[in-house]
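Have a look at the structure below, then the notes.
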Amino acid sequence: MNSPNLHASDWLALDRALGLKPDEVLTVLSRRELRSRGGAPGVVADRWRRCRASGHDYPVVVVSGVDGLEESAAGRWLLTHDPQSVVEGLLIGAYAVGARRCFLAVEDDCELDSVEGLLAGLEGGGGPVERLARAGVVLDLVVRRLPRSFILREPGALLAALEGRQALPDVRYCDPLVQGWEGRPTVLETVETLAAVAAVFWQEPGETAGWAGNGRSTSAPLESRLLTVVDEGRSSVVKSVAFGTSLAEAVRQTIGNTPHELGVKVMQLGGPCGPFLADQQFDIPLTSDLVERTAGVIGAASLRLFPGKVCGVQLAKDAMARLHAEACGKCAACYEGTRQLLAILSDLAEGTASADELELALVLCRHLQGAALCDLGRSAPVPLLSCRELFAEDFASHLEWGVCALEERA
Ligand code: SF4
């Protein structure tokens with residue numbers, strides 16, 4: 001990909017932000033009620049205000065373009081389709097919180113020609129770095145390439161990796177706004193959140209513009225999310241989908257067919273730790289609240305499609321196997337809990353589990369939700385619990401008769 005050929009007016013969002021005081025930048029973001037798109041939940045301006053109020057002379061901004069999952073390609077997509085919005089959002093964030101250092105974390109095989117071209121151009125005469133310096137911000141911007149890993153979606157693991165340590169969750173980072181990178185107050189955002197910050201400033205009220213193909217073109221990024229749809233057997237597809245669109249229509253807009261046309265009766269929303277949904281739920285509208293609630297801190301704005309006949313027990317077992325494989329092993333509650341849950345689900349799939357074992361599985365789920373160190377473990381029971389509710393018939397049939405109710409239901 002060629003480096004972008006930008007001129008001064010292309011930094012419109014940054015110029016508009018620099019024309020305001022940092023507190024006024026936060027007020028603009030508050031007025032637009034901009035919420036996080038992945039990562040830490042909540043209103044962006046509230047978190048940035050807390051960071052600024054720390055009074056620390058060296059706050060840090062970390063921007064994560066790490067997808068870490070087949071279910072999420074949004075980071076890569078944005079870094080190749082609209083890198084300028086990401087970089088502009090990052091610089092606006094640095095200005096608003098008074099950061100001295102920024103990290104852009106990307107996966108090591110991510111195509112970065114456009115981003116590197118932009119960063120190389122930051123230093124030029126009259127460029128953003130000079131404009132930031134005139135506004136009193138001297139910034140050290142570091143691009144850090146990291147291996148693709150699910151656990152890097154966890155804030156503590158990402159901060160540890162950026163400090164050059166093993167990428168493991170750590171209770172020291174339970175509130176990065178207080179204690180983040182090297183003990184400094186740290187704002188940690190996804191590339192999608194930062195691109196939306198830029199959109200707040202370059203999009204006049206009432207204008208629509210977005211990420212439909214070449215960056216700043218059509219649709220409405222402030223009223224939409226980048227959704228990744230994973231169709232079994234095909235690669236992930238990313239599309240900006242407007243809030244209010246039904247999940248079924250979101251799939252059609254993204255990959256060209258509705259779930260019904262594809263023979264899909266089950267989808268998983270929010271990544272590997274998200275709930276399964278049955279076809280009677282496909283009319284649910286996509287909303288910011290739905291995505292953040294189901295994806296949590298570690299999940300993704302994604303829909304994974306499961307075409308054809310699906311056994312709820314097998315689905316829960318496969319999901320648990322995946323989560324156990326991703327568990328880093330730092331805490332026993334998660335590593336042992338997911339291992340035991342997988343063993344029980346395997347017995348159930350084989351038709352050898354007892355009612356007591358199934359009861360134990362529910363106890364293990366509660367223990368995981370309360371005792372796991374990070375969001376991966378805390379949300380690991382979600383796929384199983386949603387399967388048990390959606391496919392109660394399958395669970396009962398496996399338990400009582402040792403066989404699946406799938407054939408009868410099909
Ligand atoms: S909850 Fe799981 S992924 Fe998180 S620290 Fe514990 S073992 Fe690691």
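Quick note on naming: the chains in the structure tokens go A, B, ... in the order shown, residues restart at 1 in each chain, and ligands are numbered from 1 in order of appearance.
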* Asked: If you count only C-alpha atoms and all ligand atoms, which residues end up within 8 Å of ligand 1, as an MDAnalysis selection string?
  -> chainID A and resid 151 168:170 326:335 368 372:378
With the cut-off set at 7 Å and counting only C-alpha atoms, tabulate each residue of range 171-194 of chain A with an atom at most that distance from an atom of range 47-56 of chain A, showing the nearest atom pair and its distance in Å to one decimal, ordered by chain and increasing number, as JSON lines.
{"residue": "A:Leu177", "atom": "CA", "partner": "A:Cys51", "partner_atom": "CA", "distance": 5.5}
{"residue": "A:Pro185", "atom": "CA", "partner": "A:Cys51", "partner_atom": "CA", "distance": 6.0}
{"residue": "A:Thr186", "atom": "CA", "partner": "A:Cys51", "partner_atom": "CA", "distance": 6.9}
{"residue": "A:Val187", "atom": "CA", "partner": "A:Trp48", "partner_atom": "CA", "distance": 6.7}
* **Residue neighbourhood range 242-256 of chain A, 6 Å, only C-alpha atoms, exclusion window fewer than 5 positions, as a list in words** => Glu223, Ser224, Phe282, Asp283, Ile284, Pro285, Leu286 and Thr287 of chain A
* Could you tell me how far CA of Gly117 in chain A lies from CA of Gly136 in chain A, in Å and to one decimal? => 24.4 Å
* To do: With a distance cut-off of 10 Å and only C-alpha atoms, select the neighbouring residues of Leu384 in chain A, excluding the residue or stretch itself and same-chain residues fewer than 6 positions from it, and output the selection as a list in words.
  => Cys273, Gly274, Pro275, Phe276, Gly312, Val313, Leu315, Ala316, Lys317, Asp318, Ala319, Met320, Leu341, Leu345, Ala361, Leu362, Cys365 and Leu390 of chain A
Using the selection just defined, write its residues with C-alpha atoms as a compact mmCIF listing (two decimals), in the first residue's frame.
# COMPACT_ATOMS: atom_id res chain seq x y z
CA CYS A 273 -16.44 -15.26 25.50
CA GLY A 274 -19.73 -14.00 24.08
CA PRO A 275 -23.18 -15.60 24.19
CA PHE A 276 -24.72 -17.76 21.50
CA GLY A 312 -25.86 -27.19 21.88
CA VAL A 313 -23.66 -29.48 23.98
CA LEU A 315 -21.15 -26.02 20.71
CA ALA A 316 -20.57 -25.36 24.43
CA LYS A 317 -17.78 -27.94 24.53
CA ASP A 318 -15.98 -26.46 21.50
CA ALA A 319 -16.28 -22.95 22.95
CA MET A 320 -14.87 -24.10 26.31
CA LEU A 341 -15.68 -27.54 32.63
CA LEU A 345 -18.81 -31.08 28.74
CA ALA A 361 -20.36 -27.26 36.24
CA LEU A 362 -22.72 -24.50 37.40
CA CYS A 365 -19.11 -21.19 36.45
CA LEU A 390 -30.92 -22.03 24.27
* Sel. of strand (DSSP E or B) residues, range 12-195 of chain A, as a PyMOL selection string -> chain A and resi 35+43+60-64+69+72+101-107+140-146+186-190
Write the residues of the selection above to a file with C-alpha atoms, as a tab-separated table (two decimals), in the first residue's frame.
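Output (part_6.tsv):
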chain	number	residue	atom	x	y	z
A	35	ARG	CA	-18.46	5.85	24.18
A	43	VAL	CA	-17.80	7.45	28.16
A	60	VAL	CA	0.60	7.95	28.73
A	61	VAL	CA	-1.77	7.11	25.87
A	62	VAL	CA	-1.85	3.54	24.57
A	63	VAL	CA	-3.75	2.77	21.39
A	64	SER	CA	-4.38	-0.87	20.66
A	69	LEU	CA	-8.74	-13.10	17.25
A	72	SER	CA	-11.94	-9.38	15.07
A	101	ARG	CA	4.35	9.35	25.50
A	102	CYS	CA	2.04	7.43	23.18
A	103	PHE	CA	2.17	3.81	22.10
A	104	LEU	CA	0.50	2.42	19.03
A	105	ALA	CA	0.38	-1.35	19.56
A	106	VAL	CA	-0.10	-3.40	16.39
A	107	GLU	CA	0.21	-7.05	15.44
A	140	ASP	CA	7.25	10.66	22.05
A	141	LEU	CA	5.27	8.33	19.77
A	142	VAL	CA	6.29	4.68	19.66
A	143	VAL	CA	4.91	1.99	17.35
A	144	ARG	CA	5.25	-1.40	19.03
A	145	ARG	CA	4.70	-4.62	17.07
A	146	LEU	CA	3.46	-7.54	19.15
A	186	THR	CA	-2.51	5.60	31.24
A	187	VAL	CA	-5.40	6.04	28.83
A	188	LEU	CA	-5.85	2.79	26.91
A	189	GLU	CA	-8.09	2.87	23.86
A	190	THR	CA	-8.71	0.81	20.75
* To do: Using DSSP on the backbone coordinates, identify all residues within range 63-261 of chain A classified as alpha helix (DSSP H); present the result as a PyMOL selection string.
  => chain A and resi 74-81+83-97+113-122+128-134+155-162+191-202+247-255+259-261
* In Å, rounded to a single decimal, give me how far CA of Gly351 in chain A is from CA of Trp401 in chain A. =>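 Separating CA of Trp401 in chain A from CA of Gly351 in chain A is a distance of 7.2 Å.
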* Asked: Using only C-alpha atoms, which residue out of A:Gly270, A:Gly89, A:Ala355, A:Leu305 lies closest to Asp289 in chain A?
  -> A:Gly270
* CA of His81 in chain A to CA of Glu130 in chain A, distance in Å rounded to a single decimal -> 25.5 Å
